[in-house]
Amino acid sequence: VSYDYADETVIVTGGSSGIGRAVAERFGAAGATVVVADVREEPKRADAPTHEAIREAGGQATFVETDVSDPGEIALVVEAAREFGGVDVMVNNAGIYRGAPLLDADPETFDRVYGVNARGAFAGMQAAARDMIDRGEPGSIVNTASISSELAQPGHAMYDASKGAVMMLTRVAALELAEHGVRVNAVAPGPVDTGIGSGDTGESETEVPSIDKSAPMGRAAPAEVAGPYLFLASEDASYVTGHLLYADGGYAVF
Ligand code: NAD
């Protein structure tokens, strides 16, 4: 399916690597001006930064260094998007993984995981929605949730809690912002082979989750979960809001 995002500005947090990079590249190929917002510009598994790769492919993109756990920084990214006419699509995707059994988990790590994954999405939604409403140009917000938003797994307490929060933030925001014409949805990827857990923020590393390919469809490429973001942000989804769209190859069918 090809979408047309010409004249639209799309912010992708965590767009330097992994799923965010695949999403940013798809939006870029569809004609959008892409603002990649990430703590690090260098991709983990590619040669060129995302914004450069998009430009090389003939698209338009820029990079803004941002830590989404700082609400002031995410507000600045949204402000930066005004240079390109204002944010039309906000993809709150930046996330980190830290694993530990509940009995061993420490509160500081909980705060960090929650601060990036849940509060980062919260701040991104708030900043983007305020901007859309101020400009009188309602757009669309797509968050990266996870199968972990609903599927509990041992050792995942901190991460699963943060992703459960992303799902509920998506739902409540959808209800509150409906009257403004702003739609809010989330994509829930299953295990995807990315660099999550490996040097994501330069913080000390804990456990790296094994990316298994045991989904019934048996694949785990970031590119395969990108399409749903473009669909949810598009006119084709004009009556879809508050929805969690699973892109997991059947991993968590329930
Ligand atoms: P990744 O580590 O490859 O990419 C995450 C990106 O976010 C990186 O570029 C990283 O630099 C950036 N980032 C980290 N902390 C940040 C911060 N504080 N501010 C701004 N940017 C920050 O991982 P990924 O797997 O592509 O993860 C992307 C999203 O997908 C996350 O929200 C993750 O929870 C979610 N997710 C991943 C999987 C999976 O199996 N990989 C499954 C479901 C959901």
# chains A, B, ... in the order shown; residues from 1 in each chain; ligands from 1
$ closest_atom_pairs --of "chain A" --to "ligand 1" --cutoff "6 Å" --atoms "only C-alpha atoms and all ligand atoms" --output "Markdown table"
| residue | atom | partner | partner_atom_place_in_ligand_line | distance |
| --- | --- | --- | --- | --- |
| A:Thr13 | CA | ligand 1 | 21 (N) | 5.8 |
| A:Gly14 | CA | ligand 1 | 7 (O) | 3.3 |
| A:Gly15 | CA | ligand 1 | 9 (O) | 5.5 |
| A:Ser16 | CA | ligand 1 | 9 (O) | 4.2 |
| A:Ser17 | CA | ligand 1 | 9 (O) | 4.0 |
| A:Gly18 | CA | ligand 1 | 26 (O) | 3.4 |
| A:Ile19 | CA | ligand 1 | 26 (O) | 3.7 |
| A:Gly20 | CA | ligand 1 | 26 (O) | 5.5 |
| A:Asp38 | CA | ligand 1 | 21 (N) | 3.7 |
| A:Val39 | CA | ligand 1 | 20 (C) | 4.4 |
| A:Arg40 | CA | ligand 1 | 11 (O) | 5.1 |
| A:Thr66 | CA | ligand 1 | 20 (C) | 5.3 |
| A:Asp67 | CA | ligand 1 | 19 (N) | 3.5 |
| A:Val68 | CA | ligand 1 | 19 (N) | 4.0 |
| A:Ser69 | CA | ligand 1 | 18 (N) | 5.2 |
| A:Asn93 | CA | ligand 1 | 32 (O) | 4.7 |
| A:Ala94 | CA | ligand 1 | 7 (O) | 3.9 |
| A:Gly95 | CA | ligand 1 | 32 (O) | 3.5 |
| A:Ile96 | CA | ligand 1 | 14 (C) | 5.4 |
| A:Val116 | CA | ligand 1 | 18 (N) | 5.0 |
| A:Thr144 | CA | ligand 1 | 32 (O) | 5.2 |
| A:Ala145 | CA | ligand 1 | 44 (C) | 5.8 |
| A:Ser146 | CA | ligand 1 | 43 (C) | 4.1 |
| A:Pro189 | CA | ligand 1 | 43 (C) | 4.2 |
| A:Gly190 | CA | ligand 1 | 42 (C) | 4.8 |
| A:Pro191 | CA | ligand 1 | 40 (O) | 3.4 |
| A:Val192 | CA | ligand 1 | 40 (O) | 3.7 |
| A:Asp193 | CA | ligand 1 | 41 (N) | 5.6 |
| A:Thr194 | CA | ligand 1 | 3 (O) | 4.4 |
| A:Gly195 | CA | ligand 1 | 3 (O) | 4.0 |
| A:Ile196 | CA | ligand 1 | 2 (O) | 3.3 |
| A:Asp200 | CA | ligand 1 | 11 (O) | 4.7 |
| A:Thr201 | CA | ligand 1 | 14 (C) | 5.5 |
$ residues_around --residues "Gly227 in chain A" --least-positions-apart "3" --cutoff "10 Å" --atoms "only C-alpha atoms" --output "ChimeraX atom specification"
/A:1-3,22-23,26-27,187,223-224,230-232,247
$ closest_residue --among "A:Lys163, A:Tyr251, A:His180, A:Gly136" --to "Ala121 in chain A" --atoms "only C-alpha atoms"
A:Lys163
$ closest_residue --among "A:Val182, A:Ala118, A:Leu245, A:Val36" --to "Val166 in chain A" --atoms "only C-alpha atoms"
A:Ala118
$ residues_around --residues "Tyr5 in chain A" --least-positions-apart "5" --cutoff "12 Å" --atoms "only C-alpha atoms" --output "number ranges by chain"
A: 10, 24, 26-34, 59-60, 88-89, 230-231, 233-235
